[in-house]
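Peer 1: Next comes structure_8.txt, compact mmCIF, C-alpha atoms:
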```
# COMPACT_ATOMS: atom_id res chain seq x y z
CA MET A 1 -147.98 -85.19 -140.30
CA CYS A 2 -146.53 -84.91 -143.78
CA TYR A 3 -142.79 -84.84 -144.48
CA MET A 4 -141.11 -83.65 -147.66
CA TYR A 5 -137.48 -83.58 -148.63
CA HIS A 6 -135.24 -82.58 -151.53
CA THR A 7 -132.12 -84.55 -152.40
CA ASP A 8 -130.36 -85.64 -155.59
CA ILE A 9 -132.26 -89.01 -155.34
CA VAL A 10 -135.93 -89.02 -156.36
CA PHE A 11 -138.28 -90.77 -153.91
CA ALA A 12 -142.02 -91.40 -154.04
CA SER A 13 -144.08 -88.63 -152.53
CA SER A 14 -147.02 -90.82 -151.61
CA LEU A 15 -146.80 -89.74 -147.98
CA CYS A 16 -148.23 -86.34 -148.79
CA ASP A 17 -150.62 -87.85 -151.37
CA CYS A 18 -152.04 -90.01 -148.62
CA ARG A 19 -153.01 -86.95 -146.72
CA ASP A 20 -154.92 -85.58 -149.69
CA MET A 21 -156.51 -88.97 -150.42
CA ALA A 22 -157.68 -89.32 -146.84
CA SER A 23 -159.29 -85.90 -146.87
CA SER A 24 -161.06 -86.65 -150.18
CA GLN A 25 -162.39 -89.96 -148.84
CA SER A 26 -163.73 -88.28 -145.75
CA ALA A 27 -165.56 -85.77 -147.93
CA GLN A 28 -167.32 -88.56 -149.90
CA ARG A 29 -168.35 -90.63 -146.97
CA SER A 30 -168.82 -90.32 -143.30
CA PRO A 31 -165.70 -89.73 -141.21
CA HIS A 32 -163.88 -92.68 -139.71
CA LEU A 33 -166.08 -92.44 -136.65
CA GLN A 34 -168.56 -95.24 -135.95
CA THR A 35 -170.98 -95.90 -133.13
CA ASP A 36 -172.01 -99.27 -131.85
CA ASP A 37 -175.60 -99.36 -130.64
CA ASP A 38 -175.09 -102.76 -128.96
CA ASP A 39 -172.08 -101.71 -126.86
CA ASP A 40 -171.98 -97.93 -126.28
CA SER A 41 -172.19 -94.71 -128.22
CA THR A 42 -168.61 -93.69 -127.68
CA PRO A 43 -167.05 -92.79 -131.07
CA ARG A 44 -164.03 -94.80 -132.04
CA PHE A 45 -161.40 -93.73 -134.48
CA GLN A 46 -160.45 -96.24 -137.13
CA PRO A 47 -157.06 -95.55 -138.75
CA THR A 48 -156.77 -95.86 -142.48
CA VAL A 49 -154.02 -97.53 -144.46
CA CYS A 50 -152.70 -94.09 -145.37
CA ASP A 51 -152.21 -93.21 -141.70
CA SER A 52 -150.12 -96.30 -141.07
CA GLN A 53 -148.10 -95.62 -144.19
CA SER A 54 -147.61 -92.05 -143.08
CA HIS A 55 -146.22 -93.18 -139.70
CA ALA A 56 -143.96 -95.74 -141.36
CA GLY A 57 -142.84 -93.22 -143.95
CA GLY A 58 -142.09 -90.75 -141.18
CA TRP A 59 -139.70 -93.22 -139.55
CA ARG A 60 -138.09 -93.87 -142.94
CA LEU A 61 -137.54 -90.16 -143.46
CA PHE A 62 -136.14 -89.81 -139.98
CA LEU A 63 -133.62 -92.60 -140.68
CA LEU A 64 -132.86 -91.01 -144.05
CA ALA A 65 -132.08 -87.70 -142.37
CA VAL A 66 -129.76 -89.46 -139.91
CA ILE A 67 -127.91 -91.47 -142.57
CA LEU A 68 -127.50 -88.76 -145.22
CA PRO A 69 -125.44 -85.79 -144.00
CA GLY A 70 -126.51 -82.34 -145.01
CA VAL A 71 -130.25 -83.17 -145.10
CA HIS A 72 -132.54 -81.38 -142.64
CA LEU A 73 -136.02 -82.73 -142.05
CA GLN A 74 -138.80 -80.22 -141.54
CA SER A 75 -142.51 -80.71 -141.03
CA ASN A 76 -145.67 -78.74 -141.78
CA GLY A 77 -145.12 -78.78 -145.52
CA SER A 78 -141.66 -77.18 -145.39
CA SER A 79 -139.08 -78.40 -147.85
CA VAL A 80 -135.73 -79.84 -146.77
CA GLN A 81 -132.71 -77.74 -147.75
CA PRO A 82 -129.19 -79.20 -148.02
CA ALA A 83 -126.68 -77.53 -145.73
CA SER A 84 -124.67 -74.89 -147.57
CA ASP A 85 -120.89 -75.27 -147.53
CA SER A 86 -120.12 -71.76 -148.79
CA LYS A 87 -116.76 -70.49 -147.55
CA ALA A 88 -116.02 -66.87 -146.87
CA GLN A 89 -113.47 -65.45 -149.24
CA ILE A 90 -110.16 -64.58 -147.60
CA TYR A 91 -108.20 -61.66 -149.00
CA ARG A 92 -104.57 -62.35 -149.84
CA PRO A 93 -102.19 -59.97 -151.64
CA VAL A 94 -100.93 -60.94 -155.08
CA LEU A 95 -97.32 -60.12 -155.87
CA GLN A 96 -96.64 -58.59 -159.27
CA PRO A 97 -93.50 -59.21 -161.38
CA SER A 98 -93.36 -55.58 -162.56
CA GLU A 99 -93.32 -52.36 -160.60
CA ALA A 100 -96.17 -49.85 -160.72
CA ILE A 101 -96.66 -46.44 -159.13
CA PRO A 102 -98.36 -47.01 -155.75
CA PRO A 103 -101.71 -45.26 -155.25
CA ILE A 104 -101.62 -42.36 -152.81
CA GLY A 105 -103.72 -42.64 -149.66
CA ASN A 106 -104.71 -40.05 -147.08
CA TYR A 107 -104.67 -41.55 -143.57
CA ILE A 108 -105.85 -39.72 -140.43
CA LEU A 109 -105.83 -40.94 -136.83
CA ASN A 110 -107.76 -38.96 -134.23
CA SER A 111 -106.92 -38.65 -130.55
CA PRO A 112 -109.47 -39.58 -127.85
CA ASN A 113 -110.76 -36.00 -127.82
CA GLY A 114 -111.59 -36.24 -131.53
CA LYS A 115 -108.79 -34.01 -132.83
CA PRO A 116 -106.36 -35.20 -135.52
CA CYS A 117 -103.26 -36.71 -133.95
CA ILE A 118 -101.52 -38.19 -137.00
CA LYS A 119 -102.01 -37.36 -140.65
CA ALA A 120 -100.11 -39.05 -143.45
CA THR A 121 -100.42 -38.83 -147.22
CA MET A 122 -98.32 -41.41 -149.01
CA GLY A 123 -98.03 -44.32 -151.37
CA ALA A 124 -96.56 -47.55 -149.97
CA GLU A 125 -94.89 -50.31 -151.99
CA TYR A 126 -93.60 -53.67 -150.78
CA ILE A 127 -90.55 -54.97 -152.66
CA ILE A 128 -90.00 -58.71 -152.12
CA ASN A 129 -86.99 -60.79 -153.13
CA GLU A 130 -88.04 -64.40 -153.66
CA LYS A 131 -86.75 -67.18 -155.93
CA LYS A 132 -83.97 -64.92 -157.22
CA ARG A 133 -86.58 -62.53 -158.55
CA THR A 134 -88.06 -59.24 -157.38
CA TRP A 135 -91.80 -58.98 -156.74
CA TYR A 136 -93.94 -55.95 -155.96
CA PHE A 137 -97.12 -55.22 -154.04
CA ASN A 138 -98.81 -51.83 -153.55
CA LEU A 139 -100.93 -50.94 -150.54
CA ASP A 140 -104.50 -50.21 -151.68
CA PRO A 141 -105.84 -47.16 -149.76
CA SER A 142 -109.47 -48.08 -150.51
CA ARG A 143 -109.11 -51.33 -148.54
CA VAL A 144 -106.88 -50.12 -145.73
CA GLU A 145 -108.18 -50.04 -142.16
CA VAL A 146 -106.61 -47.32 -140.01
CA SER A 147 -106.00 -47.85 -136.30
CA GLY A 148 -103.51 -46.92 -133.61
CA TYR A 149 -103.25 -44.69 -130.56
CA CYS A 150 -102.00 -41.28 -129.53
CA SER A 151 -100.38 -40.15 -126.29
CA LYS A 152 -98.40 -37.12 -125.21
CA ASP A 153 -94.98 -38.24 -126.43
CA SER A 154 -95.67 -41.32 -128.56
CA ALA A 155 -98.16 -42.38 -131.22
CA VAL A 156 -98.73 -45.33 -133.54
CA LEU A 157 -100.32 -45.33 -136.97
CA SER A 158 -101.31 -48.83 -138.13
CA LEU A 159 -102.46 -49.55 -141.69
CA ALA A 160 -103.88 -53.03 -142.33
CA MET A 161 -105.41 -54.77 -145.32
CA PRO A 162 -108.37 -57.20 -144.91
CA ASN A 163 -107.61 -60.47 -143.07
CA ASN A 164 -104.20 -59.00 -142.15
CA GLY A 165 -103.02 -59.76 -145.67
CA ALA A 166 -100.60 -56.85 -145.37
CA SER A 167 -99.83 -54.28 -142.69
CA LEU A 168 -97.63 -51.26 -142.13
CA GLN A 169 -97.09 -49.73 -138.70
CA LEU A 170 -95.36 -46.42 -137.98
CA THR A 171 -94.33 -45.49 -134.43
CA PHE A 172 -93.83 -41.79 -133.78
CA GLN A 173 -91.80 -40.29 -130.97
CA LYS A 174 -91.84 -36.72 -129.69
CA GLU A 175 -88.64 -35.27 -128.26
CA LYS A 176 -88.44 -31.65 -127.10
CA ASN A 177 -89.36 -29.57 -130.16
CA VAL A 178 -89.09 -32.31 -132.83
CA PHE A 179 -90.85 -35.54 -133.75
CA TYR A 180 -89.73 -38.49 -135.88
CA ILE A 181 -90.44 -42.13 -136.68
CA THR A 182 -88.54 -44.39 -134.33
CA LYS A 183 -89.95 -47.74 -135.50
CA LEU A 184 -91.38 -49.16 -138.71
CA THR A 185 -92.94 -52.63 -138.96
CA ALA A 186 -94.16 -54.27 -142.17
CA ASP A 187 -95.81 -57.64 -142.90
CA VAL A 188 -97.30 -59.21 -146.01
CA SER A 189 -98.79 -62.70 -146.53
CA PRO A 190 -99.20 -63.03 -150.30
CA VAL A 191 -100.38 -65.80 -152.57
CA PRO A 192 -97.39 -68.10 -153.31
CA VAL A 193 -95.45 -66.96 -156.38
CA CYS A 194 -95.36 -70.50 -157.81
CA GLN A 195 -97.54 -73.60 -157.65
CA ARG A 196 -95.09 -75.60 -155.55
CA CYS A 197 -94.19 -72.70 -153.30
CA SER A 198 -95.49 -72.83 -149.75
CA ASN A 199 -97.41 -70.09 -147.98
CA LYS A 200 -95.07 -67.55 -146.48
CA THR A 201 -95.31 -64.34 -144.49
CA TYR A 202 -92.65 -61.71 -145.10
CA SER A 203 -91.90 -59.55 -142.08
CA GLY A 204 -89.55 -56.67 -141.52
CA LEU A 205 -88.59 -54.30 -138.72
CA LEU A 206 -86.70 -51.05 -138.62
CA GLU A 207 -86.22 -49.54 -135.17
CA HIS A 208 -83.96 -47.33 -133.07
CA GLU A 209 -83.97 -44.81 -135.88
CA LYS A 210 -84.88 -41.14 -136.18
CA LEU A 211 -86.56 -41.15 -139.56
CA PHE A 212 -88.03 -38.02 -141.12
CA LYS A 213 -87.18 -35.74 -138.19
CA THR A 214 -89.39 -32.65 -138.25
CA THR A 215 -90.00 -29.62 -136.06
CA ASN A 216 -93.18 -29.76 -133.99
CA GLY A 217 -96.07 -27.97 -135.65
CA GLN A 218 -94.60 -28.51 -139.10
CA SER A 219 -95.16 -31.27 -141.67
CA PHE A 220 -92.55 -33.44 -143.30
CA ASN A 221 -92.82 -33.38 -147.08
CA CYS A 222 -90.81 -35.52 -149.49
CA LYS A 223 -91.66 -36.09 -153.15
CA SER A 224 -88.60 -38.26 -153.69
CA GLU A 225 -88.49 -42.00 -153.06
CA ASN A 226 -87.81 -43.19 -149.52
CA LEU A 227 -86.49 -46.75 -149.77
CA LEU A 228 -86.21 -48.53 -146.42
CA LEU A 229 -84.56 -51.92 -145.96
CA VAL A 230 -86.60 -53.75 -143.28
CA SER A 231 -85.27 -57.30 -143.83
CA SER A 232 -83.04 -59.29 -146.13
CA GLU A 233 -86.08 -60.18 -148.25
CA MET A 234 -88.17 -57.03 -148.13
CA LYS A 235 -87.93 -53.29 -148.69
CA ILE A 236 -90.56 -50.63 -148.17
CA LYS A 237 -90.82 -47.70 -150.54
CA LEU A 238 -92.76 -44.63 -149.46
CA VAL A 239 -93.40 -42.20 -152.31
CA PRO A 240 -94.49 -39.50 -152.04
CA LEU A 241 -94.55 -38.92 -148.30
CA LYS A 242 -96.19 -36.13 -146.34
CA MET A 243 -96.91 -36.49 -142.64
CA GLN A 244 -97.38 -34.68 -139.36
CA ALA A 245 -97.89 -35.95 -135.82
CA PHE A 246 -98.86 -34.71 -132.36
CA THR A 247 -99.48 -31.03 -133.18
CA LEU A 248 -101.74 -30.35 -136.14
CA PRO A 249 -103.73 -27.24 -137.03
CA SER A 250 -107.30 -27.16 -135.76
CA ASN A 251 -108.67 -27.38 -139.31
CA GLY A 252 -106.97 -30.74 -139.84
CA GLN A 253 -104.68 -29.46 -142.58
CA TYR A 254 -100.90 -29.75 -142.66
CA GLY A 255 -98.69 -27.18 -141.04
CA LYS A 256 -95.74 -25.43 -142.62
CA GLU A 257 -93.82 -27.83 -144.86
CA MET A 258 -90.32 -28.98 -144.07
CA GLU A 259 -88.55 -30.22 -147.18
CA CYS A 260 -86.59 -33.46 -147.11
CA TRP A 261 -82.91 -33.55 -148.07
CA ALA A 262 -83.58 -35.51 -151.26
CA ASP A 263 -85.96 -32.86 -152.57
CA PHE A 264 -83.62 -30.11 -151.40
CA ASN A 265 -80.73 -31.68 -153.28
CA LYS A 266 -82.83 -32.16 -156.40
CA ARG A 267 -83.81 -28.53 -156.28
CA VAL A 268 -80.46 -27.00 -155.22
CA ILE A 269 -77.96 -29.18 -157.06
CA PRO A 270 -79.10 -28.11 -160.55
CA ILE A 271 -78.81 -24.48 -159.44
CA VAL A 272 -75.33 -25.09 -158.05
CA ILE A 273 -74.25 -26.93 -161.19
CA GLY A 274 -75.66 -24.17 -163.39
CA ALA A 275 -73.93 -21.48 -161.34
CA THR A 276 -70.68 -23.45 -161.50
CA VAL A 277 -70.87 -23.78 -165.27
CA VAL A 278 -71.57 -20.07 -165.67
CA GLY A 279 -68.69 -19.24 -163.33
CA LEU A 280 -66.29 -21.44 -165.27
CA PHE A 281 -67.44 -19.89 -168.51
CA LEU A 282 -66.82 -16.38 -167.16
CA ILE A 283 -63.38 -17.40 -165.91
CA ILE A 284 -62.47 -18.79 -169.32
CA VAL A 285 -63.71 -15.66 -171.08
CA LEU A 286 -61.89 -13.31 -168.71
CA THR A 287 -58.70 -15.36 -168.98
CA PHE A 288 -58.86 -15.25 -172.75
CA LEU A 289 -59.35 -11.47 -172.77
CA PHE A 290 -56.51 -10.97 -170.31
CA VAL A 291 -54.08 -13.07 -172.35
CA LYS A 292 -55.12 -11.34 -175.55
CA ASP A 293 -54.53 -7.93 -173.99
CA ARG A 294 -51.04 -8.95 -172.77
CA ARG A 295 -50.05 -10.05 -176.27
CA ARG A 296 -51.20 -6.75 -177.76
CA GLN A 297 -49.08 -4.80 -175.29
CA GLY A 298 -45.99 -6.86 -176.22
CA TYR A 299 -46.37 -6.04 -179.93
CA ASP A 300 -46.52 -2.30 -179.22
CA ARG A 301 -43.03 -2.33 -177.65
CA LEU A 302 -41.42 -3.70 -180.79
```
Just give me the structure as structure tokens.

Peer 2:
Amino acid sequence: MCYMYHTDIVFASSLCDCRDMASSQSAQRSPHLQTDDDDDSTPRFQPTVCDSQSHAGGWRLFLLAVILPGVHLQSNGSSVQPASDSKAQIYRPVLQPSEAIPPIGNYILNSPNGKPCIKATMGAEYIINEKKRTWYFNLDPSRVEVSGYCSKDSAVLSLAMPNNGASLQLTFQKEKNVFYITKLTADVSPVPVCQRCSNKTYSGLLEHEKLFKTTNGQSFNCKSENLLLVSSEMKIKLVPLKMQAFTLPSNGQYGKEMECWADFNKRVIPIVIGATVVGLFLIIVLTFLFVKDRRRQGYDRL
């Protein structure tokens, strides 16, 4: 049996050469089988020097494999491969010192019967306060794994990054003819912001609330920023936000939109301000004309 091995140290490979030498010798002369006419005709095998060296070398290789870690001994002409120490890469979010617009993701969770139960279109941004500075991290929709569950009166939409590097969980509650978010949980385990900083997981919870209350069968739509304080160190910004739970159209699209107060104010307040300015202008003009007319009447009497 011939053994071969590959390590950083170069050894003699005479063990395998012996095998070839023995075969060449047997081709030139008769095999190592001899008969003795005086005793009996039973063939006897006579080992060669190469065979003894091969057995001794085999024991040496066996001891070498035991002493040197990471070396695997294989026979039948197979080479020995060092054990690979490759480590799987673990995803960890990287906090950024400057804010960027979060990418918008479209997340759908189906009920057990295969129909859409929750649909949300939004961008999510984590705002972290650490070392007297503000850091930012955006949820990447292309790497998010969607999970959760749906029941008659409650549902959960869970968004998680690889290796639980970051997660966002929304708990929906249905009450009579409305639905809303009653609980929001957020976690992020980023790369430390400095070399001497230790690994840290930032967690936040917002519960016992009635966020984004919407009529059943309709969708909540808000283009303005929704900034939620979930802990003393972390805020969650959802922008834009469009969602619907429990009752969705059969085609999977959103129902009739229900505008949030922030968008309503942005749309109505300019109209109110404009109408107020126009009204004040008309009042000033009418007052001026009235005063001017009174003065003209006074001059006529003289």

Peer 1: Using atom CA of Lys242 of chain A and atom CA of Ala120 of chain A as the two end points, give the distance in Å to one decimal.

Peer 2: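 About the pair atom CA of Lys242 of chain A and atom CA of Ala120 of chain A: they are 5.7 Å apart.
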
Peer 1: Taking only C-alpha atoms into account, name the residue in A:Pro162, A:Gly255, A:Gly105, A:Gly279 that is nearest to Arg143 of chain A.

Peer 2: A:Pro162

Peer 1: Closest to Tyr149 of chain A among A:Phe246, A:Tyr91, A:Tyr126, A:Tyr202, using only C-alpha atoms?

Peer 2: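 Using only C-alpha atoms, Tyr149 of chain A sits closest to A:Phe246.
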
Peer 1: Could you please determine the separation between atom CA of Ala275 of chain A and atom CA of Asp263 of chain A in Å, to one decimal place?

Peer 2: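 These two atoms are separated by 18.7 Å.
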
Peer 1: Between atom CA of Lys115 of chain A and atom CA of Leu157 of chain A, measure the distance and give it in Å to one decimal.

Peer 2: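 Separation between atom CA of Lys115 of chain A and atom CA of Leu157 of chain A: 14.7 Å.
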
Peer 1: Do you know which residues are at most 8 Å from Pro102 of chain A counting only C-alpha atoms, after dropping those on the same chain fewer than 6 positions away, and could you put them as a PyMOL selection string?

Peer 2: chain A and resi 123-125+138-139+239

Peer 1: Have a look at A:Leu211, A:Val94, A:Ala100, A:Val278 and name the one nearest to Ala166 of chain A; count all atoms listed in the file.

Peer 2: A:Val94

Peer 1: Would you please work out which residue, of A:Gly217, A:Gly114, A:Pro240, A:Gly204, is nearest to Ile101 of chain A when using only C-alpha atoms?

Peer 2: A:Pro240

Peer 1: Would you mind telling me which residue in A:Asp187, A:Cys117, A:Pro93, A:Asp140 lies nearest to Met234 of chain A when using only C-alpha atoms?

Peer 2: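 Going through A:Asp187, A:Cys117, A:Pro93, A:Asp140 one by one, the smallest distance to Met234 of chain A is for A:Asp187.
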
Peer 1: Could you give me segment 97-110 of chain A completed to N, CA and C atoms, formatted as a tab-separated table (two decimals), in the coordinates of the input?

Peer 2:
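This went into part-v7.tsv:
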```
chain	number	residue	atom	x	y	z
A	97	PRO	N	-94.90	-59.14	-160.92
A	97	PRO	CA	-93.50	-59.21	-161.38
A	97	PRO	C	-92.95	-57.87	-161.85
A	98	SER	N	-93.82	-56.89	-162.08
A	98	SER	CA	-93.36	-55.58	-162.56
A	98	SER	C	-93.82	-54.50	-161.58
A	99	GLU	N	-93.05	-53.43	-161.54
A	99	GLU	CA	-93.32	-52.36	-160.60
A	99	GLU	C	-94.32	-51.37	-161.19
A	100	ALA	N	-95.19	-50.86	-160.33
A	100	ALA	CA	-96.17	-49.85	-160.72
A	100	ALA	C	-96.19	-48.74	-159.66
A	101	ILE	N	-96.61	-47.57	-160.06
A	101	ILE	CA	-96.66	-46.44	-159.13
A	101	ILE	C	-97.73	-46.73	-158.07
A	102	PRO	N	-97.36	-46.70	-156.79
A	102	PRO	CA	-98.36	-47.01	-155.75
A	102	PRO	C	-99.41	-45.91	-155.63
A	103	PRO	N	-100.67	-46.28	-155.43
A	103	PRO	CA	-101.71	-45.26	-155.25
A	103	PRO	C	-101.50	-44.50	-153.94
A	104	ILE	N	-101.84	-43.23	-153.96
A	104	ILE	CA	-101.62	-42.36	-152.81
A	104	ILE	C	-102.85	-42.38	-151.91
A	105	GLY	N	-102.64	-42.62	-150.63
A	105	GLY	CA	-103.72	-42.64	-149.66
A	105	GLY	C	-103.57	-41.54	-148.63
A	106	ASN	N	-104.69	-41.09	-148.11
A	106	ASN	CA	-104.71	-40.05	-147.08
A	106	ASN	C	-105.21	-40.70	-145.79
A	107	TYR	N	-104.35	-40.83	-144.79
A	107	TYR	CA	-104.67	-41.55	-143.57
A	107	TYR	C	-104.65	-40.59	-142.38
A	108	ILE	N	-105.71	-40.62	-141.58
A	108	ILE	CA	-105.85	-39.72	-140.43
A	108	ILE	C	-106.22	-40.56	-139.20
A	109	LEU	N	-105.53	-40.30	-138.12
A	109	LEU	CA	-105.83	-40.94	-136.83
A	109	LEU	C	-106.15	-39.85	-135.82
A	110	ASN	N	-107.32	-39.96	-135.19
A	110	ASN	CA	-107.76	-38.96	-134.23
A	110	ASN	C	-107.41	-39.39	-132.81
```
